[in-house]
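A.B. asks: Below is the file model04.txt, with compact mmCIF, C-alpha atoms.
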# COMPACT_ATOMS: atom_id res chain seq x y z
CA MET F 271 0.00 0.00 0.00
CA ALA F 272 1.30 3.43 -0.95
CA VAL F 273 2.58 5.76 1.77
CA VAL F 274 1.86 8.76 -0.50
CA LYS F 275 -0.71 9.07 -3.26
CA ALA F 276 0.71 8.62 -6.73
CA THR F 277 -0.77 8.52 -10.20
CA ASP F 278 0.97 6.83 -13.12
CA SER F 279 2.19 10.26 -14.18
CA ASP F 280 3.63 10.82 -10.68
CA ILE F 281 5.45 7.48 -10.87
CA ASP F 282 6.95 8.47 -14.22
CA LEU F 283 8.07 11.80 -12.79
CA LEU F 284 9.66 10.18 -9.74
CA ALA F 285 11.30 7.55 -11.97
CA ARG F 286 12.87 10.27 -14.10
CA LEU F 287 14.17 11.97 -10.96
CA LEU F 288 15.71 8.74 -9.64
CA ARG F 289 17.60 8.19 -12.88
CA ALA F 290 18.71 11.79 -13.31
CA GLU F 291 19.93 12.14 -9.73
CA ALA F 292 21.58 8.77 -9.13
CA GLU F 293 21.79 6.47 -12.14
CA GLY F 294 25.54 6.15 -11.64
CA GLU F 295 24.95 4.75 -8.16
CA GLY F 296 22.83 1.83 -9.33
CA GLU F 297 19.43 0.66 -8.22
CA GLN F 298 20.17 1.07 -4.52
CA GLY F 299 21.34 4.65 -5.03
CA MET F 300 18.25 5.46 -7.08
CA MET F 301 16.03 3.90 -4.37
CA MET F 302 17.65 6.21 -1.84
CA VAL F 303 16.74 9.24 -3.95
CA GLY F 304 13.17 7.95 -3.95
CA ASN F 305 13.31 7.48 -0.18
CA VAL F 306 14.42 11.06 0.39
CA GLY F 307 11.71 12.38 -1.94
CA ILE F 308 8.94 10.38 -0.26
CA ASN F 309 10.25 11.43 3.16
CA ARG F 310 10.02 15.07 2.13
CA ILE F 311 6.34 14.62 1.26
CA ARG F 312 5.59 12.80 4.52
CA ALA F 313 7.69 15.03 6.77
CA ASN F 314 5.85 18.37 6.70
CA CYS F 315 8.77 19.98 8.52
CA SER F 316 11.92 21.96 7.84
CA ASP F 317 12.01 23.20 4.23
CA PHE F 318 9.28 20.76 3.24
CA ILE F 319 6.22 22.16 5.01
CA GLY F 320 3.20 21.93 2.76
CA LEU F 321 4.59 19.45 0.23
CA ARG F 322 1.86 16.90 -0.42
CA THR F 323 2.48 15.50 -3.89
CA ILE F 324 5.30 14.06 -5.95
CA PRO F 325 5.21 16.96 -8.45
CA GLN F 326 5.39 19.52 -5.60
CA MET F 327 8.38 17.66 -4.15
CA VAL F 328 10.22 17.21 -7.48
CA TYR F 329 9.70 20.79 -8.66
CA GLN F 330 10.23 22.52 -5.32
CA PRO F 331 12.57 25.42 -6.16
CA HIS F 332 16.25 24.53 -5.71
CA ALA F 333 15.43 21.02 -4.44
CA PHE F 334 16.96 18.88 -7.18
CA GLU F 335 19.64 20.04 -9.57
CA ALA F 336 18.67 17.30 -12.03
CA THR F 337 15.42 19.10 -12.93
CA THR F 338 17.52 21.77 -14.64
CA LYS F 339 19.24 19.25 -16.95
CA SER F 340 17.92 17.81 -20.22
CA TYR F 341 18.59 14.23 -19.05
CA PHE F 342 15.76 14.60 -16.50
CA TYR F 343 13.26 15.21 -19.30
CA GLN F 344 13.85 11.90 -21.09
CA ARG F 345 11.11 9.28 -20.93
CA ALA F 346 11.00 7.07 -17.82
CA ARG F 347 12.16 3.48 -18.22
CA ASP F 348 10.37 0.45 -16.75
CA SER F 349 13.27 -0.34 -14.41
CA GLU F 350 13.10 3.14 -12.84
CA ARG F 351 9.30 3.00 -12.68
CA ARG F 352 9.58 -0.20 -10.62
CA LEU F 353 11.99 1.54 -8.24
CA ALA F 354 9.68 4.56 -7.98
CA ARG F 355 6.74 2.30 -7.11
CA ARG F 356 8.81 0.55 -4.45
CA ALA F 357 9.65 3.93 -2.87
CA VAL F 358 6.01 5.09 -3.03
CA ASN F 359 4.97 1.80 -1.40
CA GLY F 360 7.22 2.49 1.58
CA GLU F 361 10.29 0.38 0.88
CA TRP F 362 13.21 2.16 2.52
CA VAL F 363 16.93 1.46 2.57
CA TRP F 364 19.58 2.76 4.94
CA PRO F 365 21.01 5.40 5.11
CA ALA F 366 18.08 7.10 3.36
CA LYS F 367 15.33 5.52 5.48
CA TYR F 368 14.58 8.74 7.40
CA SER F 369 16.76 11.19 5.49
CA LEU F 370 15.51 14.49 4.14
CA TRP F 371 18.79 15.54 2.54
CA TYR F 372 21.54 14.03 0.47
CA PHE F 373 24.32 15.51 -1.57
CA ARG F 374 27.57 14.63 -3.25
CA PRO F 375 30.51 16.43 -1.68
CA PRO F 376 33.92 16.63 -3.35
CA GLY F 377 35.46 14.83 -0.35
CA ASP F 378 34.37 13.58 3.04
CA CYS F 379 30.81 13.99 4.29
CA PRO F 380 30.32 16.94 6.63
CA PRO F 381 28.94 16.06 10.09
CA THR F 382 25.75 18.07 9.45
CA TRP F 383 23.82 19.49 6.51
CA TYR F 384 21.04 22.03 7.03
CA ASP F 385 21.48 21.36 10.77
CA GLN F 386 20.68 17.67 10.33
CA PRO F 387 23.22 15.03 11.37
CA LEU F 388 25.01 12.75 8.95
CA VAL F 389 23.65 9.20 9.12
CA GLY F 390 25.73 7.59 6.42
CA ARG F 391 27.18 7.54 2.98
CA TYR F 392 26.34 5.41 -0.03
CA LYS F 393 28.98 5.51 -2.74
CA LEU F 394 29.34 9.23 -3.52
CA HIS F 395 26.29 10.61 -1.67
CA CYS F 396 26.00 11.62 1.99
CA PHE F 397 22.64 11.30 3.78
CA PHE F 398 21.30 13.46 6.61
CA GLU F 399 18.21 12.92 8.74
CA PRO F 400 16.36 15.14 11.20
CA THR F 401 15.91 14.33 14.86
CA ALA F 402 12.51 13.11 16.01
CA GLU F 403 12.08 16.36 17.94
CA GLU F 404 12.60 18.36 14.76
CA CYS F 405 10.53 16.20 12.43
CA VAL F 406 8.45 13.46 14.02
CA ASN F 407 6.41 12.72 10.87
CA VAL F 408 9.37 11.27 9.00
CA TYR F 409 9.58 8.57 11.70
CA ASN F 410 5.87 7.71 11.72
CA THR F 411 4.76 4.49 10.10
CA PHE F 412 1.72 4.94 7.89
Translate the structure of the given file into structure tokens.

C.D. replies:
Amino acid sequence: MAVVKATDSDIDLLARLLRAEAEGEGEQGMMMVGNVGINRIRANCSDFIGLRTIPQMVYQPHAFEATTKSYFYQRARDSERRLARRAVNGEWVWPAKYSLWYFRPPGDCPPTWYDQPLVGRYKLHCFFEPTAEECVNVYNTF
């Protein structure tokens, strides 16, 4: 059962984001991008107050650099659609399970990002999650 509402068009949009943001990091890396995106919709905290849909999350100003590149606008592939559906259905992988932020630094991961602690690294991306006091919704099971 989906943890956020998603139409077929939403799945395609999320699939395109997964590929454009993390194709070089394989399926697990793309799943983590999906996890962060779904967490931002569920969280309703920090910079993500009021996000309720996949399009709002994907096109939030300055949220994902990939949306400014032509590669993002290519048609979604079935393999990425499957990953997007898994993320929408609540399948999470560490270190993105509760993360609201990730980025690719030129070197080591900083200990915090947007005041959220580092929880881990996967290949080239660092992941950061809020505390329960800051953002309880991201830890709720729906």

A.B. asks: Restrict the calculation to only C-alpha atoms, then for each residue of region 310-361 of chain F with any atom at most 8 Å from an atom of region 290-305 of chain F give the closest atom pair and their distance in Å to one decimal, rows by chain and rising residue number, as a Markdown table.

C.D. replies:
| residue | atom | partner | partner_atom | distance |
| --- | --- | --- | --- | --- |
| F:Phe334 | CA | F:Glu291 | CA | 7.8 |
| F:Glu335 | CA | F:Glu291 | CA | 7.9 |
| F:Ala336 | CA | F:Ala290 | CA | 5.7 |
| F:Tyr341 | CA | F:Ala290 | CA | 6.2 |
| F:Phe342 | CA | F:Ala290 | CA | 5.2 |
| F:Leu353 | CA | F:Met301 | CA | 6.1 |
| F:Ala354 | CA | F:Gly304 | CA | 6.3 |
| F:Arg356 | CA | F:Met301 | CA | 8.0 |
| F:Ala357 | CA | F:Gly304 | CA | 5.5 |
| F:Val358 | CA | F:Gly304 | CA | 7.8 |
| F:Glu361 | CA | F:Asn305 | CA | 7.8 |

A.B. asks: Give me a file of those residues, with C-alpha atoms, as a PDB file, in the coordinates of the input.

C.D. replies:
ATOM      1  CA  PHE F 334      16.960  18.880  -7.180  1.00  0.00           C
ATOM      2  CA  GLU F 335      19.640  20.040  -9.570  1.00  0.00           C
ATOM      3  CA  ALA F 336      18.670  17.300 -12.030  1.00  0.00           C
ATOM      4  CA  TYR F 341      18.590  14.230 -19.050  1.00  0.00           C
ATOM      5  CA  PHE F 342      15.760  14.600 -16.500  1.00  0.00           C
ATOM      6  CA  LEU F 353      11.990   1.540  -8.240  1.00  0.00           C
ATOM      7  CA  ALA F 354       9.680   4.560  -7.980  1.00  0.00           C
ATOM      8  CA  ARG F 356       8.810   0.550  -4.450  1.00  0.00           C
ATOM      9  CA  ALA F 357       9.650   3.930  -2.870  1.00  0.00           C
ATOM     10  CA  VAL F 358       6.010   5.090  -3.030  1.00  0.00           C
ATOM     11  CA  GLU F 361      10.290   0.380   0.880  1.00  0.00           C
TER      12      GLU F 361
END

A.B. asks: List the neighbours of Ile281 (chain F) out to 7 Å using only C-alpha atoms; skip same-chain residues closer than 3 positions along the sequence, and give me the result as a PyMOL selection string.

C.D. replies: chain F and resi 276-278+284-285+351+354-355

A.B. asks: Go ahead and save the residues from that selection, with C-alpha atoms, as a compact mmCIF listing (two decimals), in the coordinates of the input.

C.D. replies:
# COMPACT_ATOMS: atom_id res chain seq x y z
CA ALA F 276 0.71 8.62 -6.73
CA THR F 277 -0.77 8.52 -10.20
CA ASP F 278 0.97 6.83 -13.12
CA LEU F 284 9.66 10.18 -9.74
CA ALA F 285 11.30 7.55 -11.97
CA ARG F 351 9.30 3.00 -12.68
CA ALA F 354 9.68 4.56 -7.98
CA ARG F 355 6.74 2.30 -7.11

A.B. asks: Tell me which of F:Asn314, F:Gly377, F:Leu288, F:Trp364 sits closest to Thr337 (chain F), counting all atoms listed in the file.

C.D. replies: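 Closest residue, counting all atoms listed in the file: F:Leu288.
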
A.B. asks: Counting all atoms listed in the file, find the residues whose atoms lie at most 12 Å from (7.5, 22.4, 5.8) (file coordinates) and write them out as a PyMOL selection string.

C.D. replies: chain F and resi 309-322+326-327+330+370+404-405+407-408

A.B. asks: Given the point (18.6, 16.2, 11.0) in the coordinates of this file, which residues lie within 7 Å, counting only C-alpha atoms, and how would they look as a list of chain:residue names?

C.D. replies: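 Those residues lying close to the given coordinates are F:Asp385, F:Gln386, F:Pro387, F:Phe398, F:Glu399, F:Pro400, F:Thr401.
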
A.B. asks: Give me the residues near Val389 (chain F) as a list in words, where near means some atom within 10 Å (using only C-alpha atoms) and where sequence neighbours in that chain fewer than 5 positions away do not count.

C.D. replies: Trp364, Pro365, Ala366, Lys367, Tyr368, Ser369, Cys379, Pro381, Thr382, Cys396, Phe397, Phe398, Glu399 and Pro400 of chain F

A.B. asks: In Å, with one decimal, what is the gap from CA of Ser279 (chain F) to CA of Thr338 (chain F)?

C.D. replies: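 Computing the Euclidean distance for CA of Ser279 (chain F) and CA of Thr338 (chain F) yields 19.2 Å.
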
A.B. asks: Between CA of Tyr372 (chain F) and CA of Tyr392 (chain F), what is the spacing in Å?

C.D. replies: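 So the two atoms, CA of Tyr392 (chain F) and CA of Tyr372 (chain F), lie 9.9 Å apart.
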
A.B. asks: Do you know which residues are at most 10 Å from Asp378 (chain F) counting all atoms listed in the file, after dropping those on the same chain fewer than 6 positions away, and could you put them as a PyMOL selection string?

C.D. replies: chain F and resi 391+394-396

A.B. asks: Quick one, how far is CA of Gly360 (chain F) from CA of Val273 (chain F)?

C.D. replies: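 Between CA of Gly360 (chain F) and CA of Val273 (chain F) the gap works out to 5.7 Å.
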